[in-house]
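File shown here: query.txt, holding compact mmCIF, C-alpha atoms.
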# COMPACT_ATOMS: atom_id res chain seq x y z
CA MET A 1 -26.96 41.14 34.74
CA GLU A 2 -23.45 40.37 33.48
CA LYS A 3 -23.40 38.62 30.09
CA ARG A 4 -22.35 34.99 30.14
CA ASP A 5 -20.83 32.71 27.50
CA PHE A 6 -23.95 30.93 26.28
CA ARG A 7 -21.81 28.16 24.72
CA SER A 8 -20.45 27.14 28.12
CA LEU A 9 -23.89 25.97 29.25
CA GLY A 10 -25.14 22.43 28.80
CA SER A 11 -27.75 21.60 26.17
CA GLU A 12 -30.64 21.44 28.64
CA ALA A 13 -29.62 24.74 30.29
CA GLN A 14 -29.42 26.39 26.88
CA GLU A 15 -32.92 25.20 26.00
CA THR A 16 -34.33 26.45 29.34
CA LEU A 17 -32.72 29.85 28.81
CA ARG A 18 -34.04 30.13 25.26
CA ARG A 19 -37.59 29.28 26.34
CA ALA A 20 -37.50 31.76 29.26
CA ALA A 21 -36.18 34.63 27.12
CA VAL A 22 -38.73 34.03 24.34
CA ALA A 23 -41.56 33.73 26.90
CA ALA A 24 -40.54 37.07 28.42
CA VAL A 25 -40.59 38.79 25.01
CA LEU A 26 -43.94 37.25 24.09
CA ALA A 27 -45.28 38.48 27.46
CA GLY A 28 -44.47 42.06 26.44
CA GLU A 29 -40.92 42.58 27.66
CA SER A 30 -38.56 44.27 25.22
CA ARG A 31 -35.76 42.23 23.68
CA VAL A 32 -33.17 44.57 25.21
CA ALA A 33 -34.62 44.09 28.69
CA ALA A 34 -34.89 40.31 28.26
CA ALA A 35 -31.31 40.15 27.08
CA ARG A 36 -30.12 42.18 30.05
CA ARG A 37 -32.12 40.04 32.51
CA PHE A 38 -30.90 36.69 31.19
CA GLY A 39 -27.31 37.79 30.54
CA VAL A 40 -27.23 37.25 26.76
CA THR A 41 -27.02 39.53 23.73
CA ARG A 42 -29.99 41.28 22.20
CA GLN A 43 -29.18 39.63 18.86
CA ALA A 44 -29.44 36.16 20.45
CA VAL A 45 -32.85 36.93 21.90
CA GLY A 46 -34.02 38.27 18.54
CA LYS A 47 -32.88 35.11 16.76
CA TRP A 48 -34.65 32.87 19.27
CA VAL A 49 -37.90 34.81 18.84
CA GLN A 50 -37.63 34.56 15.03
CA ASP A 51 -36.93 30.81 15.23
CA CYS A 52 -39.94 30.33 17.49
CA GLU A 53 -42.21 32.32 15.18
CA ALA A 54 -41.02 30.29 12.16
CA GLY A 55 -40.86 26.81 13.68
CA GLY A 56 -42.79 26.94 16.93
CA GLU A 57 -41.48 25.71 20.26
CA ARG A 58 -39.72 22.80 18.53
CA ALA A 59 -37.16 25.29 17.20
CA LEU A 60 -36.11 26.05 20.80
CA ARG A 61 -35.33 22.43 21.73
CA ALA A 62 -31.78 21.37 22.61
CA LYS A 63 -29.82 20.11 19.63
CA ARG A 64 -27.08 17.49 19.50
CA ARG A 65 -23.71 19.15 19.98
CA GLY A 66 -20.35 18.42 18.42
CA ARG A 67 -19.40 17.22 14.94
CA PRO A 68 -22.35 15.56 13.16
CA ARG A 69 -22.03 11.80 12.83
CA GLY A 70 -22.98 9.86 9.77
CA GLY A 71 -22.23 12.70 7.35
CA SER A 72 -24.61 13.18 4.46
CA LEU A 73 -24.43 9.72 2.88
CA ALA A 74 -27.12 7.12 3.42
CA PRO A 75 -25.85 3.66 4.46
CA TRP A 76 -26.61 2.20 1.04
CA GLN A 77 -24.73 5.05 -0.65
CA ALA A 78 -21.71 4.49 1.61
CA ALA A 79 -21.78 0.74 0.85
CA GLN A 80 -21.89 1.33 -2.92
CA THR A 81 -19.02 3.81 -2.75
CA ALA A 82 -16.80 1.49 -0.70
CA LYS A 83 -17.49 -1.38 -3.12
CA ALA A 84 -16.57 0.81 -6.10
CA VAL A 85 -13.23 1.74 -4.51
CA VAL A 86 -12.43 -1.94 -3.90
CA ASP A 87 -13.57 -3.30 -7.27
CA ARG A 88 -12.62 -0.55 -9.71
CA CYS A 89 -9.89 1.97 -10.52
CA PRO A 90 -10.91 5.63 -10.93
CA ASP A 91 -10.21 5.67 -14.67
CA GLN A 92 -12.49 2.65 -15.13
CA LEU A 93 -15.30 4.82 -13.77
CA LYS A 94 -14.28 7.66 -16.13
CA LEU A 95 -12.89 9.80 -13.32
CA PRO A 96 -9.83 12.00 -14.07
CA PHE A 97 -7.67 10.21 -11.52
CA HIS A 98 -5.16 7.36 -11.62
CA LEU A 99 -5.38 6.45 -7.92
CA TRP A 100 -8.10 6.53 -5.28
CA THR A 101 -7.47 9.77 -3.40
CA ARG A 102 -9.86 11.69 -1.15
CA GLU A 103 -10.58 14.01 -4.08
CA ALA A 104 -11.39 11.06 -6.33
CA VAL A 105 -13.78 9.56 -3.77
CA ALA A 106 -15.49 12.91 -3.21
CA GLN A 107 -15.97 13.36 -6.95
CA LEU A 108 -17.34 9.82 -7.32
CA ILE A 109 -19.91 10.50 -4.57
CA GLU A 110 -20.96 13.79 -6.13
CA ARG A 111 -21.30 12.25 -9.58
CA ARG A 112 -23.30 9.21 -8.40
CA PHE A 113 -25.47 10.68 -5.66
CA GLY A 114 -25.34 14.44 -6.11
CA VAL A 115 -23.83 14.82 -2.62
CA ARG A 116 -20.95 17.29 -2.38
CA LEU A 117 -18.35 16.46 0.29
CA SER A 118 -15.11 18.15 1.28
CA VAL A 119 -11.87 16.17 0.99
CA TRP A 120 -11.71 16.03 4.79
CA THR A 121 -15.18 14.51 5.02
CA ALA A 122 -14.29 12.03 2.27
CA GLY A 123 -11.17 11.13 4.27
CA ARG A 124 -13.24 10.51 7.40
CA TYR A 125 -15.55 8.24 5.43
CA LEU A 126 -12.59 6.26 4.08
CA LYS A 127 -11.18 5.86 7.59
CA ARG A 128 -14.57 4.73 8.88
CA TRP A 129 -14.79 2.10 6.11
CA GLY A 130 -11.38 0.70 7.07
CA PHE A 131 -9.39 2.19 4.17
CA THR A 132 -5.83 3.49 4.64
CA PRO A 133 -3.47 5.23 2.16
CA GLN A 134 -1.08 2.65 0.74
CA LYS A 135 1.52 2.43 -2.00
CA PRO A 136 -0.16 0.46 -4.80
CA ALA A 137 1.39 -2.67 -6.29
CA LYS A 138 1.97 -2.52 -10.03
CA ARG A 139 0.28 -5.10 -12.26
CA ALA A 140 0.86 -5.35 -16.00
CA PHE A 141 -2.14 -4.94 -18.30
CA GLU A 142 -1.02 -8.11 -20.11
CA ARG A 143 -1.34 -10.21 -16.96
CA ASP A 144 -3.79 -13.11 -17.37
CA PRO A 145 -5.86 -13.61 -14.19
CA LYS A 146 -6.96 -17.07 -15.33
CA ALA A 147 -3.35 -18.18 -15.81
CA VAL A 148 -2.47 -16.86 -12.34
CA ARG A 149 -5.41 -18.71 -10.78
CA ARG A 150 -4.43 -21.89 -12.60
CA TRP A 151 -0.87 -21.54 -11.33
CA LEU A 152 -1.97 -21.08 -7.72
CA GLU A 153 -4.65 -23.78 -7.67
CA GLU A 154 -3.30 -26.44 -10.04
CA GLU A 155 0.19 -26.01 -11.48
CA TYR A 156 2.26 -25.13 -8.41
CA PRO A 157 0.62 -27.77 -6.16
CA ALA A 158 1.42 -30.35 -8.86
CA ILE A 159 5.03 -29.13 -9.15
CA ARG A 160 5.45 -29.31 -5.38
CA ALA A 161 4.03 -32.85 -5.23
CA GLN A 162 6.21 -34.05 -8.11
CA ALA A 163 9.35 -32.51 -6.57
CA LYS A 164 8.61 -34.34 -3.33
CA ARG A 165 8.28 -37.65 -5.18
CA ASP A 166 11.54 -37.01 -7.07
CA GLY A 167 13.43 -35.89 -3.96
CA ALA A 168 14.07 -32.52 -5.62
CA GLN A 169 14.39 -29.12 -4.01
CA ILE A 170 12.44 -26.11 -5.30
CA TRP A 171 14.34 -22.85 -5.78
CA TRP A 172 12.88 -19.50 -6.81
CA ALA A 173 15.30 -17.46 -8.92
CA ASP A 174 15.38 -13.95 -10.36
CA GLU A 175 17.76 -11.30 -11.67
CA MET A 176 17.89 -7.54 -11.23
CA GLY A 177 20.07 -4.56 -12.05
CA MET A 178 21.23 -2.03 -9.44
CA ARG A 179 22.24 1.59 -9.94
CA SER A 180 24.50 3.78 -7.83
CA ASP A 181 21.96 6.63 -7.82
CA HIS A 182 19.19 4.54 -6.27
CA THR A 183 17.94 6.05 -2.99
CA ALA A 184 15.57 4.53 -0.44
CA GLY A 185 14.06 5.77 2.80
CA THR A 186 13.73 9.28 4.21
CA SER A 187 16.05 11.73 5.95
CA TYR A 188 15.21 14.15 8.78
CA ALA A 189 15.69 17.85 8.06
CA PRO A 190 14.27 21.19 9.26
CA ARG A 191 10.74 21.87 8.01
CA GLY A 192 10.81 23.47 4.57
CA ARG A 193 14.43 22.56 3.87
CA THR A 194 14.78 19.51 1.62
CA PRO A 195 17.78 17.39 2.67
CA VAL A 196 20.59 17.04 0.14
CA VAL A 197 22.58 13.81 -0.13
CA ALA A 198 26.11 14.01 -1.52
CA ALA A 199 26.66 11.60 -4.42
CA THR A 200 29.11 11.06 -7.20
CA GLY A 201 28.18 12.44 -10.61
CA ARG A 202 29.31 9.19 -12.25
CA ARG A 203 26.55 6.64 -12.42
CA PHE A 204 27.43 2.97 -12.41
CA GLY A 205 25.79 -0.30 -11.57
CA CYS A 206 25.97 -4.05 -11.25
CA ASN A 207 23.67 -7.03 -11.59
CA LEU A 208 22.45 -9.70 -9.22
CA ILE A 209 21.10 -13.18 -9.82
CA SER A 210 19.79 -15.00 -6.77
CA ALA A 211 17.65 -17.93 -5.69
CA VAL A 212 15.86 -18.78 -2.42
CA THR A 213 13.99 -21.71 -0.90
CA ASN A 214 11.19 -21.73 1.65
CA GLN A 215 13.57 -23.57 4.03
CA GLY A 216 15.65 -20.38 4.27
CA ARG A 217 18.48 -21.20 1.84
CA LEU A 218 19.97 -18.48 -0.36
CA ALA A 219 22.34 -18.57 -3.33
CA PHE A 220 23.53 -15.53 -5.29
CA ARG A 221 26.03 -14.10 -7.73
CA VAL A 222 26.90 -10.41 -8.19
CA PHE A 223 28.37 -9.50 -11.57
CA ARG A 224 28.96 -6.55 -13.88
CA THR A 225 28.64 -8.20 -17.27
CA ARG A 226 25.41 -8.34 -19.26
CA PHE A 227 22.97 -11.04 -18.19
CA ALA A 228 23.21 -13.73 -20.86
CA ALA A 229 22.80 -17.50 -21.28
CA ASP A 230 26.37 -18.25 -20.16
CA VAL A 231 25.86 -16.32 -16.93
CA PHE A 232 22.60 -18.11 -16.18
CA ILE A 233 24.06 -21.54 -16.93
CA ASP A 234 27.03 -20.82 -14.68
CA PHE A 235 24.64 -19.86 -11.88
CA LEU A 236 22.64 -23.07 -12.36
CA ARG A 237 25.85 -25.11 -12.10
CA ARG A 238 26.70 -23.38 -8.82
CA LEU A 239 23.16 -23.93 -7.61
CA MET A 240 23.38 -27.66 -8.29
CA ARG A 241 26.62 -27.87 -6.28
CA HIS A 242 25.06 -25.77 -3.52
CA ALA A 243 21.90 -27.92 -3.31
CA ARG A 244 23.64 -31.33 -3.67
CA ARG A 245 20.42 -32.85 -4.96
CA ARG A 246 17.98 -32.52 -7.84
CA ILE A 247 16.60 -29.03 -8.18
CA ARG A 248 13.55 -27.42 -9.74
CA VAL A 249 14.16 -23.73 -10.49
CA ILE A 250 11.11 -21.49 -10.88
CA VAL A 251 11.82 -18.40 -12.99
CA ASP A 252 10.00 -15.78 -15.05
CA ASN A 253 9.79 -15.69 -18.84
CA HIS A 254 12.97 -13.70 -19.47
CA PRO A 255 14.33 -14.45 -22.99
CA VAL A 256 17.58 -15.80 -21.50
CA HIS A 257 15.65 -18.38 -19.46
CA ARG A 258 13.91 -19.61 -22.60
CA SER A 259 16.93 -19.42 -24.90
CA ARG A 260 17.94 -22.47 -26.92
CA LYS A 261 21.38 -22.57 -25.31
CA VAL A 262 19.89 -22.78 -21.81
CA ARG A 263 17.28 -25.31 -22.93
CA ASN A 264 19.93 -27.59 -24.49
CA TRP A 265 22.09 -27.40 -21.37
CA VAL A 266 19.17 -28.25 -19.07
CA GLU A 267 18.23 -31.25 -21.24
CA ALA A 268 21.81 -32.49 -21.02
CA GLN A 269 21.55 -32.64 -17.21
CA GLN A 270 19.20 -35.63 -17.44
CA GLY A 271 16.67 -34.41 -14.92
CA ARG A 272 19.09 -33.12 -12.26
CA VAL A 273 17.83 -29.61 -12.97
CA ARG A 274 14.57 -28.45 -14.52
CA LEU A 275 13.22 -25.00 -15.18
CA VAL A 276 9.63 -24.10 -14.36
CA PHE A 277 8.12 -20.89 -15.70
CA LEU A 278 5.78 -18.55 -13.87
CA PRO A 279 2.71 -17.11 -15.60
CA GLY A 280 3.58 -14.12 -17.77
CA TYR A 281 3.81 -10.64 -16.24
CA SER A 282 3.51 -11.97 -12.69
CA PRO A 283 6.69 -11.01 -10.77
CA ASP A 284 4.65 -10.69 -7.57
CA LEU A 285 4.31 -14.50 -7.50
CA ASN A 286 8.08 -14.94 -7.09
CA PRO A 287 9.38 -14.85 -3.47
CA ASP A 288 12.84 -13.90 -4.74
CA GLU A 289 11.35 -10.50 -5.62
CA MET A 290 11.16 -9.87 -1.86
CA LEU A 291 14.93 -10.41 -1.65
CA ASN A 292 15.42 -7.97 -4.54
CA GLN A 293 13.43 -5.30 -2.72
CA ASP A 294 15.37 -5.94 0.49
CA VAL A 295 18.72 -5.58 -1.26
CA LYS A 296 17.73 -2.42 -3.12
CA ALA A 297 16.37 -0.79 0.02
CA ASN A 298 19.07 -1.77 2.51
CA ALA A 299 22.24 -2.67 0.63
CA VAL A 300 22.03 -0.10 -2.18
CA GLY A 301 19.54 2.64 -1.33
CA ARG A 302 20.81 3.42 2.17
CA ARG A 303 24.56 3.10 1.50
CA ARG A 304 26.27 5.48 -0.88
CA ALA A 305 29.02 3.69 -2.84
CA ALA A 306 31.75 5.74 -4.49
CA THR A 307 32.98 3.04 -6.90
CA PRO A 308 31.58 -0.04 -8.64
CA ASP A 309 33.79 -2.33 -6.54
CA GLU A 310 32.53 -0.71 -3.33
CA MET A 311 28.93 -1.16 -4.46
CA MET A 312 29.42 -4.83 -5.35
CA GLY A 313 31.24 -5.43 -2.07
CA SER A 314 28.41 -3.86 -0.11
CA VAL A 315 25.81 -6.04 -1.87
CA ARG A 316 27.85 -9.21 -1.37
CA SER A 317 28.40 -8.42 2.30
CA TYR A 318 24.68 -7.84 2.84
CA LEU A 319 23.73 -11.08 1.08
CA ARG A 320 26.32 -13.14 2.97
CA SER A 321 24.89 -11.81 6.22
CA THR A 322 21.36 -12.65 5.07
CA ARG A 323 22.40 -16.16 4.05
CA LYS A 324 23.59 -16.81 7.60
CA GLN A 325 20.11 -15.95 8.93
CA PRO A 326 17.65 -18.43 7.36
CA GLN A 327 14.71 -16.90 9.21
CA ILE A 328 15.08 -13.70 7.20
CA VAL A 329 14.84 -15.69 3.98
CA LYS A 330 11.83 -17.62 5.30
CA ASN A 331 10.14 -14.32 6.07
CA TYR A 332 10.23 -13.40 2.38
CA PHE A 333 7.67 -16.16 1.88
CA GLN A 334 5.27 -14.56 4.38
CA GLU A 335 4.31 -11.71 2.10
CA GLU A 336 0.69 -12.10 1.03
CA SER A 337 1.34 -12.51 -2.71
CA VAL A 338 3.88 -15.34 -2.21
CA ARG A 339 2.54 -17.01 0.90
CA TYR A 340 1.27 -19.89 -1.25
CA ALA A 341 4.92 -20.94 -1.76
CA ALA A 342 5.78 -21.06 1.96
CA VAL A 343 5.10 -24.83 2.21
Translate this structure into structure tokens?
Amino acid sequence: MEKRDFRSLGSEAQETLRRAAVAAVLAGESRVAAARRFGVTRQAVGKWVQDCEAGGERALRAKRRGRPRGGSLAPWQAAQTAKAVVDRCPDQLKLPFHLWTREAVAQLIERRFGVRLSVWTAGRYLKRWGFTPQKPAKRAFERDPKAVRRWLEEEYPAIRAQAKRDGAQIWWADEMGMRSDHTAGTSYAPRGRTPVVAATGRRFGCNLISAVTNQGRLAFRVFRTRFAADVFIDFLRRLMRHARRRIRVIVDNHPVHRSRKVRNWVEAQQGRVRLVFLPGYSPDLNPDEMLNQDVKANAVGRRRAATPDEMMGSVRSYLRSTRKQPQIVKNYFQEESVRYAAV
């Protein structure tokens, strides 16, 4: 009989064939003759007979085909591993990793449960648990979680209520520096050939101070000088003219914001402008940070400026366009970390 591909048969047909071949051998037929009669190899018949002798007829039963499901972790082990990834960083668990990678998860499982998994199996587990690879947000070690919670639950709601009683408008302000060699995004190129972007060897930059409201308003100033008290005061004056009402400006704890010169100027305004300070080391609580990221990615990182004036012009043009589209500014407040400030 012509040999067939045993793997092409269904599970039940495979089991029937195994049982018939083993029964023939046990009845006195040689393994070569049984193999020829049933169209399989002599080695296959020999293995089936050995399996039957070692495990009885149960060893000949049809087995589940395809990739095994469930892996080698018990449900409680999987639950503990997923909780560790959510609640801890690898270095907190004394693993030699900074981020949760497939290798880190596999090593954690082996250390805790003595179960060795490949990186691919660890990746399948992570996918099954609902985890995806993401760029982590940076948080300073000095950040005080209690101060952040107090800001979100008590301080900002009180500031918002007081501003409403005073008829004042809340602005979120921030500053950032921009460099000509900043690059964002990716570029298509043939596989194995890293794309090269032409750029000037002279590095230069400029600075931006901006402020946004959750109603979609935007104010900004692009400048090349060092950020100092005079620059900040000038921006606050412009902001007061732009708002045409009392303003409350929420800023971080930059030394310029807390300088005596700025404090004296604010006091001289008799309540028309007040500064409110975010908790320390918490830039993610400021919606204006979303504008900064937008500008760096789309006005600086994707457009190669040859001169400082060209760079500043590009940033101003991008911000003027954004200012004319309030919905874009409102969308900054939809990011999860700043959604509390959207109302």
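Note that CA of Ser337 (chain A) and CA of His242 (chain A) are 27.2 Å apart.
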Closest contacts (region 245-269 of chain A/region 224-227 of chain A, max 12 Å, all atoms listed in the file) as a tab-separated table:
residue	atom	partner	partner_atom	distance
A:His254	CA	A:Phe227	CA	10.4
A:Pro255	CA	A:Phe227	CA	10.5
A:Val256	CA	A:Phe227	CA	7.9
A:His257	CA	A:Phe227	CA	10.4
Go ahead and find all residues with at least one atom no further than 12 Å from (-34.0, 35.0, 18.5) in the file's coordinates, using only C-alpha atoms; report them as a tab-separated table (two decimals) with C-alpha atoms, in the frame of the given file.
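Dumped everything to selection.tsv:
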chain	number	residue	atom	x	y	z
A	17	LEU	CA	-32.72	29.85	28.81
A	18	ARG	CA	-34.04	30.13	25.26
A	19	ARG	CA	-37.59	29.28	26.34
A	20	ALA	CA	-37.50	31.76	29.26
A	21	ALA	CA	-36.18	34.63	27.12
A	22	VAL	CA	-38.73	34.03	24.34
A	23	ALA	CA	-41.56	33.73	26.90
A	25	VAL	CA	-40.59	38.79	25.01
A	26	LEU	CA	-43.94	37.25	24.09
A	31	ARG	CA	-35.76	42.23	23.68
A	32	VAL	CA	-33.17	44.57	25.21
A	34	ALA	CA	-34.89	40.31	28.26
A	35	ALA	CA	-31.31	40.15	27.08
A	40	VAL	CA	-27.23	37.25	26.76
A	41	THR	CA	-27.02	39.53	23.73
A	42	ARG	CA	-29.99	41.28	22.20
A	43	GLN	CA	-29.18	39.63	18.86
A	44	ALA	CA	-29.44	36.16	20.45
A	45	VAL	CA	-32.85	36.93	21.90
A	46	GLY	CA	-34.02	38.27	18.54
A	47	LYS	CA	-32.88	35.11	16.76
A	48	TRP	CA	-34.65	32.87	19.27
A	49	VAL	CA	-37.90	34.81	18.84
A	50	GLN	CA	-37.63	34.56	15.03
A	51	ASP	CA	-36.93	30.81	15.23
A	52	CYS	CA	-39.94	30.33	17.49
A	53	GLU	CA	-42.21	32.32	15.18
A	54	ALA	CA	-41.02	30.29	12.16
A	55	GLY	CA	-40.86	26.81	13.68
A	59	ALA	CA	-37.16	25.29	17.20
A	60	LEU	CA	-36.11	26.05	20.80
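Nearest residue to Ser282 (chain A), choosing from A:Ala229, A:Val343, A:Ile170, A:Ala147 and counting all atoms listed in the file: A:Ala147.
Among the candidates A:Ala122, A:Cys89, A:Leu278, A:Met290, the residue lying nearest to Arg143 (chain A) is A:Leu278 (atoms considered: only C-alpha atoms).
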Which residue, A:Arg88, A:Arg320, A:Arg245, A:Lys127, has the smallest gap to Leu218 (chain A) when you use only C-alpha atoms? A:Arg320
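Nearest to Gly114 (chain A) of all the residues A:Trp100, A:Gln77, A:Pro90, A:Gln134 is A:Gln77, counting all atoms listed in the file.
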Could you check which residues have any atom within 7 Å of (-17.7, 10.4, -10.8), counting only C-alpha atoms with coordinates taken straight from the file, and then list them as a list in words?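 Checked against the point, the hits come out as Leu93, Lys94, Leu95, Gln107, Leu108, Ile109, Glu110, Arg111 and Arg112 of chain A.
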Between A:Gln270, A:Phe113, A:Asp166, A:Arg179, which residue has the minimum interatomic distance to Trp76 (chain A), considering all atoms listed in the file?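 Of the candidates, the smallest distance to Trp76 (chain A) is held by A:Phe113.
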So which residues touch Ser317 (chain A) within 10 Å, counting only C-alpha atoms, skipping near sequence neighbours fewer than 6 positions away, as a PyMOL selection string? chain A and resi 299+311+323
Need the shell around Ala173 (chain A): protein/DNA/RNA residues with any atom at most 9 Å away, counting only C-alpha atoms. Skip same-chain ones fewer than 4 positions apart. Format as a ChimeraX atom specification? /A:209-212,249-252,286-289
With distances taken over only C-alpha atoms, which of A:Ala27, A:Val148, A:Val85, A:Val315 is nearest to Asp284 (chain A)?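 Between A:Ala27, A:Val148, A:Val85, A:Val315, the residue approaching Asp284 (chain A) most closely is A:Val148.
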Just to confirm, what's the straight-line distance from CA of Asp174 (chain A) to CA of Gln327 (chain A) in Å (one decimal)? 19.8 Å
Give me the residues within 12 Å of Leu152 (chain A) as a CSV table (one decimal) with C-alpha atoms, in the coordinates of the input, counting all atoms listed in the file and dropping any in the same chain fewer than 2 places off.
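The resulting file, part04.csv, is shown below:
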chain,number,residue,atom,x,y,z
A,145,PRO,CA,-5.9,-13.6,-14.2
A,146,LYS,CA,-7.0,-17.1,-15.3
A,147,ALA,CA,-3.4,-18.2,-15.8
A,148,VAL,CA,-2.5,-16.9,-12.3
A,149,ARG,CA,-5.4,-18.7,-10.8
A,150,ARG,CA,-4.4,-21.9,-12.6
A,154,GLU,CA,-3.3,-26.4,-10.0
A,155,GLU,CA,0.2,-26.0,-11.5
A,156,TYR,CA,2.3,-25.1,-8.4
A,157,PRO,CA,0.6,-27.8,-6.2
A,158,ALA,CA,1.4,-30.4,-8.9
A,159,ILE,CA,5.0,-29.1,-9.2
A,160,ARG,CA,5.4,-29.3,-5.4
A,278,LEU,CA,5.8,-18.6,-13.9
A,279,PRO,CA,2.7,-17.1,-15.6
A,282,SER,CA,3.5,-12.0,-12.7
A,285,LEU,CA,4.3,-14.5,-7.5
A,286,ASN,CA,8.1,-14.9,-7.1
A,337,SER,CA,1.3,-12.5,-2.7
A,338,VAL,CA,3.9,-15.3,-2.2
A,339,ARG,CA,2.5,-17.0,0.9
A,340,TYR,CA,1.3,-19.9,-1.2
A,341,ALA,CA,4.9,-20.9,-1.8
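With CA of Val86 (chain A) on one side and CA of Asp294 (chain A) on the other, the separation reads 28.4 Å.
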